[in-house]
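protein-v1.cif, holding mmCIF, C-alpha atoms and all ligand atoms:
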data_coords
loop_
_atom_site.group_PDB
_atom_site.id
_atom_site.type_symbol
_atom_site.label_atom_id
_atom_site.label_comp_id
_atom_site.auth_asym_id
_atom_site.auth_seq_id
_atom_site.Cartn_x
_atom_site.Cartn_y
_atom_site.Cartn_z
ATOM 1 C CA MET A 1 -212.652 115.487 -132.032
ATOM 2 C CA THR A 2 -210.537 113.965 -134.799
ATOM 3 C CA ASP A 3 -212.235 113.471 -138.119
ATOM 4 C CA SER A 4 -211.302 109.889 -138.972
ATOM 5 C CA TRP A 5 -212.581 110.222 -142.534
ATOM 6 C CA GLN A 6 -210.214 113.173 -143.011
ATOM 7 C CA GLU A 7 -207.353 110.844 -142.037
ATOM 8 C CA CYS A 8 -208.593 108.390 -144.672
ATOM 9 C CA MET A 9 -208.698 111.225 -147.203
ATOM 10 C CA ASN A 10 -205.125 112.286 -146.420
ATOM 11 C CA HIS A 11 -203.990 108.701 -146.916
ATOM 12 C CA CYS A 12 -206.004 108.538 -150.136
ATOM 13 C CA VAL A 13 -204.226 111.615 -151.534
ATOM 14 C CA ASP A 14 -200.821 109.998 -150.802
ATOM 15 C CA VAL A 15 -201.858 106.705 -152.407
ATOM 16 C CA THR A 16 -203.344 108.503 -155.430
ATOM 17 C CA LYS A 17 -200.065 110.400 -155.911
ATOM 18 C CA GLN A 18 -198.163 107.086 -155.970
ATOM 19 C CA ALA A 19 -200.713 105.604 -158.390
ATOM 20 C CA GLY A 20 -200.544 108.679 -160.625
ATOM 21 C CA LYS A 21 -196.743 108.436 -160.750
ATOM 22 C CA ILE A 22 -197.023 104.851 -162.035
ATOM 23 C CA VAL A 23 -199.553 105.917 -164.684
ATOM 24 C CA ARG A 24 -197.350 108.808 -165.805
ATOM 25 C CA GLU A 25 -194.267 106.548 -166.023
ATOM 26 C CA ALA A 26 -196.275 103.949 -167.986
ATOM 27 C CA LEU A 27 -197.212 106.618 -170.540
ATOM 28 C CA GLU A 28 -193.500 106.917 -171.384
ATOM 29 C CA LYS A 29 -193.218 103.203 -172.261
ATOM 30 C CA ASP A 30 -194.869 100.758 -174.676
ATOM 31 C CA ILE A 31 -198.454 100.037 -173.606
ATOM 32 C CA ALA A 32 -199.667 96.444 -174.070
ATOM 33 C CA VAL A 33 -203.431 96.509 -174.615
ATOM 34 C CA MET A 34 -205.877 93.704 -173.803
ATOM 35 C CA GLU A 35 -209.599 93.527 -174.579
ATOM 36 C CA LYS A 36 -212.192 92.914 -171.847
ATOM 37 C CA SER A 37 -215.845 92.468 -172.884
ATOM 38 C CA SER A 38 -215.430 93.815 -176.449
ATOM 39 C CA PRO A 39 -212.820 95.260 -178.841
ATOM 40 C CA THR A 40 -213.627 98.746 -177.500
ATOM 41 C CA ASP A 41 -213.493 97.753 -173.803
ATOM 42 C CA LEU A 42 -209.767 97.970 -173.111
ATOM 43 C CA VAL A 43 -207.547 97.165 -170.154
ATOM 44 C CA THR A 44 -203.782 97.349 -169.684
ATOM 45 C CA GLU A 45 -201.314 95.826 -167.266
ATOM 46 C CA THR A 46 -201.118 99.310 -165.675
ATOM 47 C CA ASP A 47 -204.871 99.352 -164.809
ATOM 48 C CA GLN A 48 -204.443 96.049 -162.945
ATOM 49 C CA ARG A 49 -201.129 96.977 -161.297
ATOM 50 C CA VAL A 50 -202.397 100.372 -160.116
ATOM 51 C CA GLU A 51 -205.603 98.920 -158.655
ATOM 52 C CA LYS A 52 -203.613 96.287 -156.726
ATOM 53 C CA LEU A 53 -201.276 98.979 -155.376
ATOM 54 C CA ILE A 54 -204.150 101.219 -154.281
ATOM 55 C CA ILE A 55 -206.086 98.417 -152.574
ATOM 56 C CA SER A 56 -203.064 96.964 -150.772
ATOM 57 C CA ALA A 57 -201.883 100.402 -149.556
ATOM 58 C CA ILE A 58 -205.350 101.194 -148.193
ATOM 59 C CA ARG A 59 -206.088 97.714 -146.808
ATOM 60 C CA GLU A 60 -202.810 97.758 -144.877
ATOM 61 C CA LYS A 61 -204.015 100.818 -142.941
ATOM 62 C CA TYR A 62 -207.755 100.068 -142.890
ATOM 63 C CA PRO A 63 -208.108 96.257 -142.899
ATOM 64 C CA THR A 64 -211.860 96.245 -142.133
ATOM 65 C CA HIS A 65 -212.894 98.601 -144.939
ATOM 66 C CA CYS A 66 -214.677 97.415 -148.116
ATOM 67 C CA PHE A 67 -213.554 97.901 -151.716
ATOM 68 C CA ILE A 68 -215.203 98.109 -155.116
ATOM 69 C CA GLY A 69 -212.568 98.328 -157.846
ATOM 70 C CA GLU A 70 -213.080 98.232 -161.604
ATOM 71 C CA GLU A 71 -210.475 95.545 -162.265
ATOM 72 C CA SER A 72 -211.388 93.486 -159.169
ATOM 73 C CA VAL A 73 -215.024 93.411 -160.324
ATOM 74 C CA ALA A 74 -213.860 92.460 -163.848
ATOM 75 C CA ALA A 75 -212.008 89.559 -162.182
ATOM 76 C CA GLY A 76 -215.196 88.416 -160.392
ATOM 77 C CA ALA A 77 -215.278 90.394 -157.106
ATOM 78 C CA PRO A 78 -218.746 91.558 -155.977
ATOM 79 C CA SER A 79 -219.923 95.099 -156.671
ATOM 80 C CA VAL A 80 -222.204 95.749 -153.710
ATOM 81 C CA LEU A 81 -222.349 98.986 -151.747
ATOM 82 C CA SER A 82 -222.697 98.322 -148.004
ATOM 83 C CA ASP A 83 -223.135 100.839 -145.164
ATOM 84 C CA GLY A 84 -219.548 100.284 -144.049
ATOM 85 C CA PRO A 85 -216.632 102.490 -145.120
ATOM 86 C CA THR A 86 -216.123 101.632 -148.806
ATOM 87 C CA TRP A 87 -213.417 102.692 -151.248
ATOM 88 C CA ILE A 88 -214.649 102.837 -154.853
ATOM 89 C CA ILE A 89 -211.680 102.772 -157.209
ATOM 90 C CA ASP A 90 -211.057 103.347 -160.883
ATOM 91 C CA PRO A 91 -207.284 102.864 -161.303
ATOM 92 C CA ILE A 92 -207.341 104.394 -164.806
ATOM 93 C CA ASP A 93 -210.496 106.222 -165.814
ATOM 94 C CA GLY A 94 -210.089 106.829 -169.517
ATOM 95 C CA THR A 95 -208.200 103.665 -170.451
ATOM 96 C CA THR A 96 -208.765 104.293 -174.172
ATOM 97 C CA ASN A 97 -207.293 107.781 -173.716
ATOM 98 C CA PHE A 98 -204.352 106.214 -171.827
ATOM 99 C CA VAL A 99 -203.716 103.773 -174.680
ATOM 100 C CA HIS A 100 -203.682 106.652 -177.185
ATOM 101 C CA ARG A 101 -202.026 109.158 -174.823
ATOM 102 C CA PHE A 102 -205.058 111.430 -175.289
ATOM 103 C CA PRO A 103 -204.559 113.810 -172.377
ATOM 104 C CA PHE A 104 -207.558 113.031 -170.108
ATOM 105 C CA VAL A 105 -206.532 110.043 -168.016
ATOM 106 C CA SER A 106 -207.311 109.877 -164.316
ATOM 107 C CA VAL A 107 -207.030 107.875 -161.135
ATOM 108 C CA SER A 108 -210.389 108.187 -159.388
ATOM 109 C CA ILE A 109 -211.276 107.189 -155.826
ATOM 110 C CA GLY A 110 -214.523 107.846 -153.981
ATOM 111 C CA PHE A 111 -215.054 106.925 -150.321
ATOM 112 C CA THR A 112 -218.531 106.191 -148.959
ATOM 113 C CA VAL A 113 -219.966 105.659 -145.477
ATOM 114 C CA ASN A 114 -223.630 104.690 -145.081
ATOM 115 C CA LYS A 115 -223.736 104.775 -148.895
ATOM 116 C CA GLU A 116 -222.988 108.533 -148.905
ATOM 117 C CA VAL A 117 -219.837 109.879 -150.582
ATOM 118 C CA GLU A 118 -217.598 111.361 -147.845
ATOM 119 C CA PHE A 119 -214.757 112.418 -150.110
ATOM 120 C CA GLY A 120 -213.523 112.092 -153.665
ATOM 121 C CA ILE A 121 -210.061 112.305 -155.200
ATOM 122 C CA VAL A 122 -209.442 112.523 -158.941
ATOM 123 C CA TYR A 123 -205.900 112.869 -160.247
ATOM 124 C CA SER A 124 -205.763 113.895 -163.904
ATOM 125 C CA CYS A 125 -202.389 112.300 -164.626
ATOM 126 C CA MET A 126 -201.257 113.978 -167.851
ATOM 127 C CA GLU A 127 -202.458 117.416 -166.748
ATOM 128 C CA ASP A 128 -200.917 116.880 -163.281
ATOM 129 C CA LYS A 129 -204.088 118.125 -161.599
ATOM 130 C CA MET A 130 -205.051 116.716 -158.197
ATOM 131 C CA TYR A 131 -208.763 117.321 -157.541
ATOM 132 C CA THR A 132 -209.919 116.805 -153.947
ATOM 133 C CA ALA A 133 -213.270 117.240 -152.225
ATOM 134 C CA ARG A 134 -214.365 116.422 -148.673
ATOM 135 C CA ARG A 135 -218.063 116.524 -147.755
ATOM 136 C CA GLY A 136 -218.925 119.988 -146.382
ATOM 137 C CA LYS A 137 -215.398 121.326 -146.891
ATOM 138 C CA GLY A 138 -215.316 122.391 -150.539
ATOM 139 C CA ALA A 139 -213.574 121.270 -153.713
ATOM 140 C CA PHE A 140 -210.004 121.983 -154.749
ATOM 141 C CA CYS A 141 -207.616 121.564 -157.668
ATOM 142 C CA ASN A 142 -203.945 121.394 -156.671
ATOM 143 C CA GLY A 143 -204.959 122.956 -153.352
ATOM 144 C CA LEU A 144 -206.840 125.939 -154.828
ATOM 145 C CA PRO A 145 -210.637 126.211 -154.383
ATOM 146 C CA ILE A 146 -212.781 125.512 -157.463
ATOM 147 C CA LYS A 147 -216.432 126.174 -158.186
ATOM 148 C CA VAL A 148 -218.943 125.464 -160.942
ATOM 149 C CA SER A 149 -219.804 128.128 -163.523
ATOM 150 C CA GLY A 150 -223.234 128.706 -161.984
ATOM 151 C CA GLN A 151 -224.682 128.805 -165.516
ATOM 152 C CA GLU A 152 -228.507 128.621 -165.457
ATOM 153 C CA ASP A 153 -229.138 128.954 -169.177
ATOM 154 C CA ILE A 154 -228.883 125.732 -171.181
ATOM 155 C CA THR A 155 -228.474 127.703 -174.427
ATOM 156 C CA LYS A 156 -225.238 129.196 -173.077
ATOM 157 C CA SER A 157 -223.916 125.837 -171.825
ATOM 158 C CA LEU A 158 -221.078 123.568 -172.897
ATOM 159 C CA VAL A 159 -222.268 119.998 -172.326
ATOM 160 C CA LEU A 160 -220.107 116.885 -171.920
ATOM 161 C CA THR A 161 -221.128 113.302 -172.585
ATOM 162 C CA GLU A 162 -219.611 110.066 -173.884
ATOM 163 C CA MET A 163 -220.476 107.804 -176.786
ATOM 164 C CA GLY A 164 -219.503 104.636 -174.791
ATOM 165 C CA LEU A 165 -222.088 101.868 -174.844
ATOM 166 C CA LYS A 166 -222.018 100.708 -178.480
ATOM 167 C CA LYS A 167 -222.691 96.983 -178.023
ATOM 168 C CA ASP A 168 -226.464 97.193 -178.330
ATOM 169 C CA PRO A 169 -227.371 98.919 -181.647
ATOM 170 C CA GLU A 170 -230.689 100.194 -180.280
ATOM 171 C CA HIS A 171 -229.027 101.790 -177.230
ATOM 172 C CA PHE A 172 -226.293 103.214 -179.420
ATOM 173 C CA LYS A 173 -228.912 104.869 -181.627
ATOM 174 C CA THR A 174 -230.512 106.401 -178.502
ATOM 175 C CA VAL A 175 -227.085 107.687 -177.367
ATOM 176 C CA MET A 176 -226.594 109.401 -180.744
ATOM 177 C CA ASP A 177 -230.184 110.713 -180.869
ATOM 178 C CA ASN A 178 -229.750 112.167 -177.379
ATOM 179 C CA ILE A 179 -226.615 114.030 -178.486
ATOM 180 C CA GLN A 180 -228.560 115.424 -181.427
ATOM 181 C CA LYS A 181 -231.415 116.530 -179.144
ATOM 182 C CA ILE A 182 -229.005 118.330 -176.814
ATOM 183 C CA LEU A 183 -227.258 120.026 -179.764
ATOM 184 C CA ASN A 184 -230.651 121.115 -181.099
ATOM 185 C CA VAL A 185 -231.746 122.802 -177.825
ATOM 186 C CA PRO A 186 -229.386 124.565 -178.816
ATOM 187 C CA VAL A 187 -226.327 124.525 -176.534
ATOM 188 C CA HIS A 188 -222.943 126.121 -177.188
ATOM 189 C CA GLY A 189 -221.471 122.688 -177.877
ATOM 190 C CA VAL A 190 -221.143 119.039 -176.889
ATOM 191 C CA ARG A 191 -217.750 117.444 -176.077
ATOM 192 C CA CYS A 192 -216.697 113.831 -175.327
ATOM 193 C CA PRO A 193 -213.372 114.010 -173.431
ATOM 194 C CA GLY A 194 -213.257 110.253 -172.610
ATOM 195 C CA SER A 195 -212.879 110.129 -168.821
ATOM 196 C CA ALA A 196 -216.041 110.343 -166.737
ATOM 197 C CA ALA A 197 -214.110 111.458 -163.643
ATOM 198 C CA VAL A 198 -212.331 114.229 -165.554
ATOM 199 C CA ASN A 199 -215.670 115.264 -167.081
ATOM 200 C CA MET A 200 -217.063 115.797 -163.587
ATOM 201 C CA CYS A 201 -213.965 117.783 -162.592
ATOM 202 C CA LEU A 202 -214.381 119.971 -165.708
ATOM 203 C CA VAL A 203 -217.917 120.785 -164.533
ATOM 204 C CA ALA A 204 -216.652 121.296 -160.965
ATOM 205 C CA CYS A 205 -214.121 123.902 -162.076
ATOM 206 C CA GLY A 206 -216.495 125.703 -164.448
ATOM 207 C CA ALA A 207 -214.794 124.680 -167.724
ATOM 208 C CA ALA A 208 -218.029 122.920 -168.754
ATOM 209 C CA ASP A 209 -221.590 123.458 -167.541
ATOM 210 C CA ALA A 210 -222.983 119.910 -167.538
ATOM 211 C CA TYR A 211 -222.182 116.252 -168.121
ATOM 212 C CA TYR A 212 -224.597 113.377 -168.626
ATOM 213 C CA HIS A 213 -224.007 109.677 -169.225
ATOM 214 C CA GLN A 214 -225.948 106.401 -169.268
ATOM 215 C CA GLY A 215 -224.039 103.122 -168.974
ATOM 216 C CA ILE A 216 -221.060 104.015 -166.783
ATOM 217 C CA TYR A 217 -220.178 102.420 -163.445
ATOM 218 C CA CYS A 218 -219.965 103.467 -159.803
ATOM 219 C CA TRP A 219 -216.147 103.639 -160.020
ATOM 220 C CA ASP A 220 -216.453 106.149 -162.895
ATOM 221 C CA MET A 221 -218.773 108.356 -160.797
ATOM 222 C CA ALA A 222 -217.843 108.116 -157.084
ATOM 223 C CA GLY A 223 -214.745 110.351 -156.985
ATOM 224 C CA GLY A 224 -216.130 113.026 -159.313
ATOM 225 C CA ALA A 225 -219.502 113.120 -157.550
ATOM 226 C CA ALA A 226 -217.885 114.664 -154.461
ATOM 227 C CA LEU A 227 -216.064 117.216 -156.611
ATOM 228 C CA VAL A 228 -219.219 118.451 -158.343
ATOM 229 C CA THR A 229 -221.377 118.796 -155.242
ATOM 230 C CA GLU A 230 -218.624 120.411 -153.163
ATOM 231 C CA ALA A 231 -217.945 122.869 -156.010
ATOM 232 C CA GLY A 232 -221.580 124.023 -155.793
ATOM 233 C CA GLY A 233 -222.994 121.899 -158.626
ATOM 234 C CA VAL A 234 -225.802 119.362 -158.686
ATOM 235 C CA ILE A 235 -225.874 115.645 -159.389
ATOM 236 C CA VAL A 236 -229.134 113.935 -160.329
ATOM 237 C CA ASP A 237 -230.379 110.800 -162.018
ATOM 238 C CA ILE A 238 -230.753 110.859 -165.803
ATOM 239 C CA THR A 239 -234.527 111.266 -165.241
ATOM 240 C CA GLY A 240 -233.947 114.360 -163.084
ATOM 241 C CA GLY A 241 -234.752 112.449 -159.870
ATOM 242 C CA PRO A 242 -232.388 111.678 -156.970
ATOM 243 C CA PHE A 243 -228.913 110.386 -157.864
ATOM 244 C CA ASP A 244 -228.175 106.716 -157.150
ATOM 245 C CA LEU A 245 -224.480 105.771 -157.189
ATOM 246 C CA MET A 246 -225.205 102.190 -158.309
ATOM 247 C CA SER A 247 -227.616 103.138 -161.121
ATOM 248 C CA ARG A 248 -224.966 103.507 -163.861
ATOM 249 C CA ARG A 249 -226.294 106.901 -165.000
ATOM 250 C CA LEU A 250 -226.186 110.546 -164.032
ATOM 251 C CA ILE A 251 -226.475 114.197 -164.934
ATOM 252 C CA VAL A 252 -224.161 116.691 -163.261
ATOM 253 C CA ALA A 253 -224.583 120.398 -163.851
ATOM 254 C CA SER A 254 -223.702 123.913 -162.797
ATOM 255 C CA SER A 255 -227.293 124.522 -161.637
ATOM 256 C CA PRO A 256 -230.518 122.545 -160.989
ATOM 257 C CA ARG A 257 -232.111 124.384 -163.924
ATOM 258 C CA VAL A 258 -229.537 123.149 -166.460
ATOM 259 C CA ALA A 259 -229.704 119.596 -165.013
ATOM 260 C CA GLN A 260 -233.511 119.453 -165.296
ATOM 261 C CA ARG A 261 -233.469 120.927 -168.803
ATOM 262 C CA ILE A 262 -231.085 118.171 -169.933
ATOM 263 C CA ALA A 263 -233.226 115.489 -168.221
ATOM 264 C CA GLN A 264 -236.232 116.806 -170.150
ATOM 265 C CA GLU A 265 -234.463 116.148 -173.492
ATOM 266 C CA LEU A 266 -232.991 112.701 -172.857
ATOM 267 C CA THR A 267 -234.480 109.354 -173.787
ATOM 268 C CA VAL A 268 -233.665 106.826 -171.064
ATOM 269 C CA PHE A 269 -232.688 103.231 -171.861
ATOM 270 C CA PRO A 270 -232.103 100.344 -169.453
ATOM 271 C CA CYS A 271 -228.416 99.989 -168.604
ATOM 272 C CA GLY A 272 -228.616 97.696 -165.556
ATOM 273 C CA ARG A 273 -227.210 98.340 -162.090
ATOM 274 C CA ASP A 274 -223.752 97.913 -160.610
ATOM 275 C CA ASP A 275 -225.223 95.819 -157.800
ATOM 276 C CA ALA A 276 -227.442 93.639 -160.007
ATOM 277 C CA GLY A 277 -225.136 90.625 -159.353
HETATM 278 C C1 LIG A 301 -214.510 104.958 -169.218
HETATM 279 C C2 LIG A 301 -215.258 106.238 -168.894
HETATM 280 C C3 LIG A 301 -215.571 106.943 -170.191
HETATM 281 C C4 LIG A 301 -216.528 106.101 -170.966
HETATM 282 C C5 LIG A 301 -215.945 104.723 -171.224
HETATM 283 C C6 LIG A 301 -215.462 104.061 -169.940
HETATM 284 P P1 LIG A 301 -212.750 103.349 -168.006
HETATM 285 O O1 LIG A 301 -214.043 104.365 -168.045
HETATM 286 O O2 LIG A 301 -214.588 107.076 -168.076
HETATM 287 O O3 LIG A 301 -216.130 108.200 -169.936
HETATM 288 O O4 LIG A 301 -216.838 106.699 -172.181
HETATM 289 O O5 LIG A 301 -216.903 103.902 -171.833
HETATM 290 O O6 LIG A 301 -216.514 103.662 -169.102
HETATM 291 O O7 LIG A 301 -213.249 102.040 -168.534
HETATM 292 O O8 LIG A 301 -211.673 103.911 -168.863
HETATM 293 O O9 LIG A 301 -212.415 103.293 -166.564
#
If you took the structure in this file and wrote it as C-alpha cells, what would it be?
Amino acid sequence: MTDSWQECMNHCVDVTKQAGKIVREALEKDIAVMEKSSPTDLVTETDQRVEKLIISAIREKYPTHCFIGEESVAAGAPSVLSDGPTWIIDPIDGTTNFVHRFPFVSVSIGFTVNKEVEFGIVYSCMEDKMYTARRGKGAFCNGLPIKVSGQEDITKSLVLTEMGLKKDPEHFKTVMDNIQKILNVPVHGVRCPGSAAVNMCLVACGAADAYYHQGIYCWDMAGGAALVTEAGGVIVDITGGPFDLMSRRLIVASSPRVAQRIAQELTVFPCGRDDAG
C-alpha cells in the first residue's frame, strides 16, 4: 500500500530545498527589515516571499489540505489546528539571525494529520543541513541517521533556551530567573542559538541535551518536534505533562529524566495559545 504521507514528505523536501535556496541567495544581498508587533519582532520581504512560495507549491499538489503559516497568520489568517492534513510553516525560523547573518536560520515545516505530527522537515540554510523525520521511520540529517545524546544526568547537560518574550516586564523577569535556576542546578551550560527549529535539531543530533521555551508558536515547534521524537528524545509541556502543539511552550530533551528535572525548576507564566483566536 502506498504511504500517501510519504509522498507529501517527498514533495515537502523538494519545496524546502527551493525555499532554502531563496533564503541563501537573500543572505548575499541587502536585507530590508520591517517590524511586526515590536522593535524586536522582525520580518523581511524574504519571510513573506518564501511562505508564499511554499504554500503555493504545496496547494497546487494538495488543494484540499490546510495551512498554518507564520506570515499568513500575521496577515490575519486563522491559526486553528483541524483533524485534516495540515502544513505548519515557518518560512524563516530565526529571522533576527537572518537579519544579522548569525548562522542559525531555518525553513521549518511540520505536517499533521488528526493533530498528530506525521513528519517534520527543518533546513538549516547557512549550515546547509537538511533535517528530516517521518513518524516511525527515524530522523536524519543530510540523509544520515541522527539520535539524541541519551543523557540522563541534568548536571552533565547542555541546555538551550531563548530570551524571546520581552514585552511584558514580569514575564521577562521570569524568563531570566528561569535561566538562572537552570544554571544553578548546575548544568554544563545554557545557550540561546536563536532558532527554535534548529534548537530542536541540535537536541535531535545530540549536540545539546535539552531545550525549553515559553512563548513560541506552533510553526516554531511543528517541524522540530518530529525530529526530536524520531531521534529518540522526548517532548513534553513546560509543566512536564503531555505536549500540546498549540500551547506555545515545550521542553524537549535527550531523556524523560532530564525533561522532568527541567520542568521541576521552571516557573510557568501564561503565554496564551496559538488557537485562542
Ligand atoms: C523565533 C524563534 C526564536 C525565538 C524568537 C522567535 P521567528 O522565530 O525561533 O527561537 O527566540 O522569539 O519566535 O520569529 O524567527 O520565526
Notebook entry, point to check: What residues have any atom no more than 7 Å from ligand LIG 301 (chain A) when counting all atoms listed in the file, and can you list them as an MDAnalysis selection string?
Noted result: chainID A and resid 41 90 92:96 162:165 194:197 216:217 220
Run through the PyMOL selection byres (((chain A and resi 271) around 9) and not hetatm) on the given coordinates and return the selected residues as a compact mmCIF listing (two decimals) with C-alpha atoms, in the frame of the given file.
# COMPACT_ATOMS: atom_id res chain seq x y z
CA HIS A 171 -229.03 101.79 -177.23
CA GLN A 214 -225.95 106.40 -169.27
CA GLY A 215 -224.04 103.12 -168.97
CA ILE A 216 -221.06 104.02 -166.78
CA SER A 247 -227.62 103.14 -161.12
CA ARG A 248 -224.97 103.51 -163.86
CA ARG A 249 -226.29 106.90 -165.00
CA VAL A 268 -233.66 106.83 -171.06
CA PHE A 269 -232.69 103.23 -171.86
CA PRO A 270 -232.10 100.34 -169.45
CA GLY A 272 -228.62 97.70 -165.56
CA ARG A 273 -227.21 98.34 -162.09
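Distance check against A:Leu144 using all atoms listed in the file: of A:Cys205, A:Gln6, A:Lys61, A:Val187, the minimum falls on A:Cys205.
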Checklist line | Proximity to A:Cys192 - best of A:Thr16, A:Thr155, A:Asn97, A:Ser254, all atoms listed in the file | finding: A:Asn97
Note to self: Set the distance at 9 Å and use only C-alpha atoms: which residues neighbour stretch 120-132 of chain A once local chain neighbours fewer than 4 positions away are removed? I'd like the list as a ChimeraX atom specification.
What the structure shows: /A:9,12-13,16-17,20-21,23-24,27,101-111,138-143,197-198,201,222-227
Notebook entry, point to check: Closest to A:Gly206 among A:Ser149, A:Thr86, A:Asn178, A:Ser38, using all atoms listed in the file?
Noted result: A:Ser149
Check: In terms of the shortest atom-to-atom distance over all atoms listed in the file, which of A:Ser56, A:Gln151, A:Asn114, A:Asn184 is closest to A:Ala253?
Finding: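 For A:Ala253, the nearest of the given residues is A:Gln151.
Pairwise distance (atom CA of A:Glu118, atom CA of A:Ala133) equals 8.5 Å.
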Next item on the list: Fewer than 6 positions away in the same chain doesn't count, so skip those; otherwise give me all residues within 7 Å of A:Val190, counting all atoms listed in the file, as an MDAnalysis selection string.
Entry: chainID A and resid 158:160 183
Notebook entry, point to check: Rounded to one decimal in Å, what is the spacing between atom CA of A:Thr44 and atom CA of A:Glu25?
Noted result: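 Distance between the two atoms: 13.7 Å.
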Item checked: Of the listed residues A:Gln264, A:Val73, A:Lys181, A:Trp219, that which approaches A:Trp87 most closely, counting all atoms listed in the file ->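 For A:Trp87, the nearest of the given residues is A:Trp219.
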Margin query: Between A:Asp47, A:Asp14, A:Glu28, A:Glu230, which residue has the minimum interatomic distance to A:Ala204, considering only C-alpha atoms?
Written below: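 Among A:Asp47, A:Asp14, A:Glu28, A:Glu230, it is A:Glu230 that comes nearest to A:Ala204.
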